[in-house]
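Enquirer: Contents of my_file-v9.cif (mmCIF, C-alpha atoms) are given next:
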```cif
data_run
#
loop_
_atom_site.group_PDB
_atom_site.id
_atom_site.type_symbol
_atom_site.label_atom_id
_atom_site.label_comp_id
_atom_site.auth_asym_id
_atom_site.auth_seq_id
_atom_site.Cartn_x
_atom_site.Cartn_y
_atom_site.Cartn_z
ATOM 1 C CA MET Y 1 0.000 0.000 0.000
ATOM 2 C CA GLN Y 2 1.323 3.425 -0.913
ATOM 3 C CA ILE Y 3 0.500 6.555 1.097
ATOM 4 C CA GLN Y 4 1.363 10.141 0.197
ATOM 5 C CA TYR Y 5 1.308 12.841 2.837
ATOM 6 C CA GLU Y 6 2.960 16.118 3.747
ATOM 7 C CA LEU Y 7 4.716 16.681 7.062
ATOM 8 C CA THR Y 8 4.681 20.189 8.472
ATOM 9 C CA GLU Y 9 6.428 21.891 11.350
ATOM 10 C CA ASP Y 10 3.181 21.635 13.302
ATOM 11 C CA ASP Y 11 3.166 17.832 12.832
ATOM 12 C CA TYR Y 12 6.584 17.606 14.497
ATOM 13 C CA ILE Y 13 5.552 19.947 17.300
ATOM 14 C CA ARG Y 14 2.460 17.851 17.993
ATOM 15 C CA PHE Y 15 4.558 14.663 17.965
ATOM 16 C CA ASN Y 16 6.934 16.131 20.562
ATOM 17 C CA LEU Y 17 4.060 17.249 22.791
ATOM 18 C CA SER Y 18 2.337 13.892 22.466
ATOM 19 C CA HIS Y 19 5.527 11.994 23.205
ATOM 20 C CA ILE Y 20 6.304 14.020 26.341
ATOM 21 C CA LYS Y 21 2.758 13.629 27.655
ATOM 22 C CA ARG Y 22 2.820 9.842 27.148
ATOM 23 C CA SER Y 23 6.358 9.156 28.339
ATOM 24 C CA LYS Y 24 6.971 8.229 31.988
ATOM 25 C CA THR Y 25 9.988 10.520 32.103
ATOM 26 C CA GLY Y 26 8.042 13.422 30.575
ATOM 27 C CA LYS Y 27 5.126 13.005 32.985
ATOM 28 C CA ARG Y 28 7.486 12.818 35.959
ATOM 29 C CA MET Y 29 9.420 15.889 34.767
ATOM 30 C CA ILE Y 30 6.240 17.972 34.419
ATOM 31 C CA LEU Y 31 4.984 16.882 37.848
ATOM 32 C CA VAL Y 32 8.314 17.647 39.560
ATOM 33 C CA GLN Y 33 8.508 21.067 37.918
ATOM 34 C CA ARG Y 34 4.908 21.824 38.907
ATOM 35 C CA ILE Y 35 5.766 21.046 42.522
ATOM 36 C CA ILE Y 36 9.231 22.637 42.712
ATOM 37 C CA GLY Y 37 7.924 26.071 41.640
ATOM 38 C CA PRO Y 38 5.471 26.396 44.544
ATOM 39 C CA LEU Y 39 8.072 25.068 47.001
ATOM 40 C CA ILE Y 40 10.498 27.759 45.854
ATOM 41 C CA PHE Y 41 7.817 30.439 46.201
ATOM 42 C CA LEU Y 42 6.872 29.324 49.705
ATOM 43 C CA GLY Y 43 10.529 28.943 50.684
ATOM 44 C CA ALA Y 44 11.190 32.475 49.438
ATOM 45 C CA ALA Y 45 8.241 33.729 51.492
ATOM 46 C CA PHE Y 46 9.649 32.064 54.595
ATOM 47 C CA VAL Y 47 13.167 33.444 54.009
ATOM 48 C CA LEU Y 48 11.835 36.918 53.225
ATOM 49 C CA ALA Y 49 9.555 36.903 56.265
ATOM 50 C CA THR Y 50 12.443 35.799 58.481
ATOM 51 C CA TRP Y 51 14.837 38.360 56.991
ATOM 52 C CA LEU Y 52 12.306 41.179 57.324
ATOM 53 C CA GLN Y 53 11.204 39.826 60.691
ATOM 54 C CA GLU Y 54 7.695 40.154 59.350
ATOM 55 C CA THR Y 55 4.985 38.156 61.071
ATOM 56 C CA ASP Y 56 2.112 39.347 58.881
ATOM 57 C CA TRP Y 57 0.370 36.675 56.862
ATOM 58 C CA TRP Y 58 0.000 38.865 53.792
ATOM 59 C CA LEU Y 59 3.464 37.797 52.575
ATOM 60 C CA TYR Y 60 2.550 34.115 52.766
ATOM 61 C CA GLY Y 61 -0.757 34.891 51.061
ATOM 62 C CA ILE Y 62 0.917 36.557 48.074
ATOM 63 C CA TYR Y 63 3.439 33.754 47.652
ATOM 64 C CA GLY Y 64 0.706 31.173 48.268
ATOM 65 C CA ILE Y 65 -1.392 32.622 45.443
ATOM 66 C CA ALA Y 66 1.701 32.660 43.198
ATOM 67 C CA SER Y 67 2.260 28.987 44.077
ATOM 68 C CA ILE Y 68 -1.296 28.033 43.182
ATOM 69 C CA LEU Y 69 -1.120 29.942 39.897
ATOM 70 C CA TRP Y 70 2.198 28.259 39.041
ATOM 71 C CA PHE Y 71 0.777 24.805 39.760
ATOM 72 C CA LEU Y 72 -2.346 25.451 37.669
ATOM 73 C CA TYR Y 73 -0.741 27.162 34.673
ATOM 74 C CA TYR Y 74 2.610 25.388 34.433
ATOM 75 C CA PRO Y 75 1.379 22.748 31.925
ATOM 76 C CA LYS Y 76 0.301 25.515 29.499
ATOM 77 C CA TYR Y 77 3.646 27.275 29.951
ATOM 78 C CA PHE Y 78 5.488 23.996 29.359
ATOM 79 C CA GLU Y 79 3.514 23.345 26.167
ATOM 80 C CA ARG Y 80 4.397 26.825 24.837
ATOM 81 C CA HIS Y 81 8.032 26.189 25.732
ATOM 82 C CA VAL Y 82 8.111 22.846 23.866
ATOM 83 C CA ARG Y 83 6.480 24.443 20.810
ATOM 84 C CA LYS Y 84 9.020 27.267 20.791
ATOM 85 C CA GLN Y 85 12.023 24.970 21.306
ATOM 86 C CA THR Y 86 10.884 22.544 18.600
ATOM 87 C CA ARG Y 87 10.504 25.413 16.118
ATOM 88 C CA ARG Y 88 13.997 26.645 17.019
ATOM 89 C CA LEU Y 89 15.498 23.173 16.578
ATOM 90 C CA ILE Y 90 13.811 22.733 13.194
ATOM 91 C CA ASP Y 91 15.014 26.167 12.030
ATOM 92 C CA GLU Y 92 18.500 25.769 13.503
ATOM 93 C CA ARG Y 93 19.754 22.862 11.423
ATOM 94 C CA SER Y 94 19.372 21.686 7.891
ATOM 95 C CA ASN Y 95 16.437 19.294 8.029
ATOM 96 C CA GLU Y 96 16.092 18.183 4.443
ATOM 97 C CA GLY Y 97 13.656 15.372 4.133
ATOM 98 C CA MET Y 98 12.070 15.955 7.500
ATOM 99 C CA LEU Y 99 9.389 18.371 6.314
ATOM 100 C CA GLY Y 100 7.527 18.257 3.050
ATOM 101 C CA LEU Y 101 6.044 15.614 0.812
ATOM 102 C CA HIS Y 102 6.557 11.957 1.781
ATOM 103 C CA THR Y 103 5.576 8.707 0.135
ATOM 104 C CA MET Y 104 5.353 5.707 2.416
ATOM 105 C CA ASP Y 105 5.074 2.189 1.096
ATOM 106 C CA LEU Y 106 3.622 -0.279 3.580
ATOM 107 C CA GLU Y 107 4.832 -3.711 2.526
ATOM 108 C CA GLU Y 108 4.768 -7.242 3.913
ATOM 109 C CA ASN Y 109 8.308 -6.960 5.292
ATOM 110 C CA GLY Y 110 8.157 -3.385 6.573
ATOM 111 C CA LEU Y 111 7.914 0.157 5.348
ATOM 112 C CA CYS Y 112 9.799 2.460 3.027
ATOM 113 C CA ASP Y 113 9.619 6.225 3.549
ATOM 114 C CA LEU Y 114 10.599 8.192 0.447
ATOM 115 C CA ASN Y 115 11.065 11.946 0.030
ATOM 116 C CA GLU Y 116 12.966 14.164 -2.381
ATOM 117 C CA PHE Y 117 16.222 13.695 -0.426
ATOM 118 C CA GLY Y 118 16.257 9.922 -0.109
ATOM 119 C CA GLU Y 119 14.544 6.932 1.359
ATOM 120 C CA THR Y 120 14.615 4.939 4.567
ATOM 121 C CA ARG Y 121 13.563 1.351 4.983
ATOM 122 C CA VAL Y 122 12.692 -0.450 8.170
ATOM 123 C CA THR Y 123 11.363 -3.939 8.768
ATOM 124 C CA TRP Y 124 8.301 -4.410 10.934
ATOM 125 C CA ALA Y 125 10.616 -5.819 13.626
ATOM 126 C CA GLY Y 126 12.257 -2.370 13.688
ATOM 127 C CA ILE Y 127 8.959 -0.727 14.599
ATOM 128 C CA LYS Y 128 8.951 -0.832 18.405
ATOM 129 C CA GLU Y 129 5.490 0.615 18.970
ATOM 130 C CA VAL Y 130 2.491 1.878 17.011
ATOM 131 C CA VAL Y 131 0.575 4.703 18.699
ATOM 132 C CA GLU Y 132 -2.685 5.912 17.198
ATOM 133 C CA GLU Y 133 -4.163 9.240 18.252
ATOM 134 C CA ASP Y 134 -7.029 11.326 16.911
ATOM 135 C CA ASP Y 135 -5.040 12.973 14.104
ATOM 136 C CA TYR Y 136 -1.864 10.889 13.842
ATOM 137 C CA VAL Y 137 -0.316 7.455 13.841
ATOM 138 C CA TYR Y 138 3.223 7.285 15.233
ATOM 139 C CA LEU Y 139 5.391 4.364 14.163
ATOM 140 C CA TYR Y 140 8.175 4.364 16.773
ATOM 141 C CA ASN Y 141 11.506 3.073 15.538
ATOM 142 C CA SER Y 142 13.232 3.935 18.845
ATOM 143 C CA SER Y 143 12.202 5.186 22.262
ATOM 144 C CA VAL Y 144 12.376 8.834 21.115
ATOM 145 C CA SER Y 145 11.780 8.884 17.348
ATOM 146 C CA ALA Y 146 8.962 7.799 15.115
ATOM 147 C CA TYR Y 147 7.598 7.963 11.619
ATOM 148 C CA ILE Y 148 4.801 10.510 11.838
ATOM 149 C CA LEU Y 149 1.786 9.588 9.753
ATOM 150 C CA PRO Y 150 -0.881 12.307 9.666
ATOM 151 C CA LYS Y 151 -4.376 10.909 9.189
ATOM 152 C CA ARG Y 152 -5.346 13.784 6.874
ATOM 153 C CA GLY Y 153 -7.014 12.232 3.857
ATOM 154 C CA LEU Y 154 -6.005 8.646 4.620
ATOM 155 C CA ASP Y 155 -8.192 5.558 4.496
ATOM 156 C CA MET Y 156 -7.369 4.496 8.054
ATOM 157 C CA GLU Y 157 -9.118 1.122 7.765
ATOM 158 C CA GLU Y 158 -6.753 0.163 4.951
ATOM 159 C CA VAL Y 159 -3.731 1.592 6.781
ATOM 160 C CA ARG Y 160 -4.587 -0.366 9.964
ATOM 161 C CA ARG Y 161 -4.602 -3.612 7.972
ATOM 162 C CA TRP Y 162 -0.936 -3.073 7.121
ATOM 163 C CA LEU Y 163 0.302 -1.872 10.491
ATOM 164 C CA PRO Y 164 1.909 -4.304 12.952
ATOM 165 C CA ILE Y 165 -0.391 -3.495 15.848
ATOM 166 C CA ARG Y 166 0.819 -5.526 18.800
#
```
What's the structure tokens form of this structure?

Expert:
Amino acid sequence: MQIQYELTEDDYIRFNLSHIKRSKTGKRMILVQRIIGPLIFLGAAFVLATWLQETDWWLYGIYGIASILWFLYYPKYFERHVRKQTRRLIDERSNEGMLGLHTMDLEENGLCDLNEFGETRVTWAGIKEVVEEDDYVYLYNSSVSAYILPKRGLDMEEVRRWLPIR
């Protein structure tokens, strides 16, 4: 089966966000950072109150509100940060073949991804995991990289018949 699709910068950004949100390490990192921020705020309030010899609760209230806001809005901040960093990384290096038109042949032995700069082949044994989301199918060939297959305009029933879903 042959599939033609175009990969955009947004496709790579969404892959990175999806990967971080599904990975154990990514989830743990986000949770730790959500908790460390409020601890720093409350620690700063304690140090500042001690240094100023202030016993009023208003200082703890301000830093407490900042802690709550950090905890609630950190995931949105993190998402913006990942989007920005991914764009920078894509722009920073020469990424021929990453973006643009791709042709993927799904065959009995594996897949072949072809673009204007070359082709890559991988056997189905080289596909470690297949992850299907609302708009994408990710064919992981390692723990951190995958073939990104946007579902735009694809006959997903036919595609699923060829994929090594384990």

Enquirer: So which one's closest to Glu108 in chain Y, Y:Trp162, Y:Tyr73, Y:Tyr5, Y:Tyr138? Using all atoms listed in the file, please.

Expert: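 Closest to Glu108 in chain Y of all the choices is Y:Trp162.
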
Enquirer: Calculated over only C-alpha atoms, which of the candidates Y:Leu48, Y:Leu111, Y:Met1, Y:Val122 has the smallest distance to Arg161 in chain Y?

Expert: Y:Met1

Enquirer: Run the PyMOL selection byres ((chain Y and resi 22-27) around 12) on the file and write out the hits as an MDAnalysis selection string.

Expert: chainID Y and resid 15:21 28:34 75 78:79 82 131 133 143:144

Enquirer: Just write the chosen residues, C-alpha atoms, as a PDB file, keeping the file's coordinate frame.

Expert:
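As a result, part_8.pdb now contains:
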```pdb
ATOM      1  CA  PHE Y  15       4.558  14.663  17.965  1.00  0.00           C
ATOM      2  CA  ASN Y  16       6.934  16.131  20.562  1.00  0.00           C
ATOM      3  CA  LEU Y  17       4.060  17.249  22.791  1.00  0.00           C
ATOM      4  CA  SER Y  18       2.337  13.892  22.466  1.00  0.00           C
ATOM      5  CA  HIS Y  19       5.527  11.994  23.205  1.00  0.00           C
ATOM      6  CA  ILE Y  20       6.304  14.020  26.341  1.00  0.00           C
ATOM      7  CA  LYS Y  21       2.758  13.629  27.655  1.00  0.00           C
ATOM      8  CA  ARG Y  28       7.486  12.818  35.959  1.00  0.00           C
ATOM      9  CA  MET Y  29       9.420  15.889  34.767  1.00  0.00           C
ATOM     10  CA  ILE Y  30       6.240  17.972  34.419  1.00  0.00           C
ATOM     11  CA  LEU Y  31       4.984  16.882  37.848  1.00  0.00           C
ATOM     12  CA  VAL Y  32       8.314  17.647  39.560  1.00  0.00           C
ATOM     13  CA  GLN Y  33       8.508  21.067  37.918  1.00  0.00           C
ATOM     14  CA  ARG Y  34       4.908  21.824  38.907  1.00  0.00           C
ATOM     15  CA  PRO Y  75       1.379  22.748  31.925  1.00  0.00           C
ATOM     16  CA  PHE Y  78       5.488  23.996  29.359  1.00  0.00           C
ATOM     17  CA  GLU Y  79       3.514  23.345  26.167  1.00  0.00           C
ATOM     18  CA  VAL Y  82       8.111  22.846  23.866  1.00  0.00           C
ATOM     19  CA  VAL Y 131       0.575   4.703  18.699  1.00  0.00           C
ATOM     20  CA  GLU Y 133      -4.163   9.240  18.252  1.00  0.00           C
ATOM     21  CA  SER Y 143      12.202   5.186  22.262  1.00  0.00           C
ATOM     22  CA  VAL Y 144      12.376   8.834  21.115  1.00  0.00           C
TER      23      VAL Y 144
END
```

Enquirer: List every protein, DNA or RNA residue that has an atom no more than 12 Å from (11.7, 2.9, 10.4) in the file's coordinate frame, counting all atoms listed in the file, and report them as number ranges by chain.

Expert: Y: 104-106, 109-114, 119-130, 138-142, 145-149

Enquirer: Would you save the residues of that selection, restricted to C-alpha atoms, as a compact mmCIF listing (two decimals), in the frame of the given file?

Expert:
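As a result, again01.txt now contains:
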```txt
# COMPACT_ATOMS: atom_id res chain seq x y z
CA MET Y 104 5.35 5.71 2.42
CA ASP Y 105 5.07 2.19 1.10
CA LEU Y 106 3.62 -0.28 3.58
CA ASN Y 109 8.31 -6.96 5.29
CA GLY Y 110 8.16 -3.38 6.57
CA LEU Y 111 7.91 0.16 5.35
CA CYS Y 112 9.80 2.46 3.03
CA ASP Y 113 9.62 6.22 3.55
CA LEU Y 114 10.60 8.19 0.45
CA GLU Y 119 14.54 6.93 1.36
CA THR Y 120 14.62 4.94 4.57
CA ARG Y 121 13.56 1.35 4.98
CA VAL Y 122 12.69 -0.45 8.17
CA THR Y 123 11.36 -3.94 8.77
CA TRP Y 124 8.30 -4.41 10.93
CA ALA Y 125 10.62 -5.82 13.63
CA GLY Y 126 12.26 -2.37 13.69
CA ILE Y 127 8.96 -0.73 14.60
CA LYS Y 128 8.95 -0.83 18.40
CA GLU Y 129 5.49 0.62 18.97
CA VAL Y 130 2.49 1.88 17.01
CA TYR Y 138 3.22 7.28 15.23
CA LEU Y 139 5.39 4.36 14.16
CA TYR Y 140 8.18 4.36 16.77
CA ASN Y 141 11.51 3.07 15.54
CA SER Y 142 13.23 3.94 18.84
CA SER Y 145 11.78 8.88 17.35
CA ALA Y 146 8.96 7.80 15.12
CA TYR Y 147 7.60 7.96 11.62
CA ILE Y 148 4.80 10.51 11.84
CA LEU Y 149 1.79 9.59 9.75
```

Enquirer: Please list as an MDAnalysis selection string every residue within 12 Å of Thr86 in chain Y, counting all atoms listed in the file and excluding residues in the same chain fewer than 5 positions away.

Expert: chainID Y and resid 9:17 79:81 91:93

Enquirer: Can you tell me how far CA of Glu132 in chain Y sits from CA of Met98 in chain Y, in Å to one decimal?

Expert: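 So the answer is 20.3 Å.
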
Enquirer: Record the distance separating CA of Lys151 in chain Y and CA of Leu7 in chain Y, expressed in Å with one decimal.

Expert: 11.0 Å

Enquirer: Name the closest residue to Pro38 in chain Y among the candidates Y:Arg87, Y:Asp155, Y:Tyr60, Y:Ile68; distances are taken between atoms, counting all atoms listed in the file.

Expert: Y:Ile68

Enquirer: Which value, in Å to one decimal, gives the distance between CA of Arg88 in chain Y and CA of Glu116 in chain Y?

Expert: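 Going from CA of Arg88 in chain Y over to CA of Glu116 in chain Y, I get 23.1 Å.
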
Enquirer: Which is closest to Ile35 in chain Y among Y:Val47, Y:Ile3, Y:Leu69, Y:Leu59, if we use all atoms listed in the file?

Expert: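 Among Y:Val47, Y:Ile3, Y:Leu69, Y:Leu59, it is Y:Leu69 that comes nearest to Ile35 in chain Y.
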
Enquirer: What would the list of residues within 9 Å of (4.0, 27.2, 42.8) (file frame) look like as a short mmCIF file (atom, residue, chain, number, x, y, z; two decimals) with C-alpha atoms, keeping the file's coordinate frame, if all atoms listed in the file are what count?

Expert:
```cif
data_model
loop_
_atom_site.label_atom_id
_atom_site.label_comp_id
_atom_site.auth_asym_id
_atom_site.auth_seq_id
_atom_site.Cartn_x
_atom_site.Cartn_y
_atom_site.Cartn_z
CA ARG Y 34 4.91 21.82 38.91
CA ILE Y 35 5.77 21.05 42.52
CA ILE Y 36 9.23 22.64 42.71
CA GLY Y 37 7.92 26.07 41.64
CA PRO Y 38 5.47 26.40 44.54
CA LEU Y 39 8.07 25.07 47.00
CA ILE Y 40 10.50 27.76 45.85
CA PHE Y 41 7.82 30.44 46.20
CA LEU Y 42 6.87 29.32 49.70
CA TYR Y 63 3.44 33.75 47.65
CA GLY Y 64 0.71 31.17 48.27
CA ILE Y 65 -1.39 32.62 45.44
CA ALA Y 66 1.70 32.66 43.20
CA SER Y 67 2.26 28.99 44.08
CA ILE Y 68 -1.30 28.03 43.18
CA LEU Y 69 -1.12 29.94 39.90
CA TRP Y 70 2.20 28.26 39.04
CA PHE Y 71 0.78 24.80 39.76
CA LEU Y 72 -2.35 25.45 37.67
CA TYR Y 74 2.61 25.39 34.43
#
```

Enquirer: Report, as AutoDock Vina command-line options, the centre and edge lengths in Å (one decimal) of the axis-aligned box enclosing every listed atom of range 21-36 of chain Y, padded by 3 Å on each side.

Expert:
```
--center_x 6.4 --center_y 15.4 --center_z 34.9 --size_x 13.2 --size_y 20.4 --size_z 21.6
```
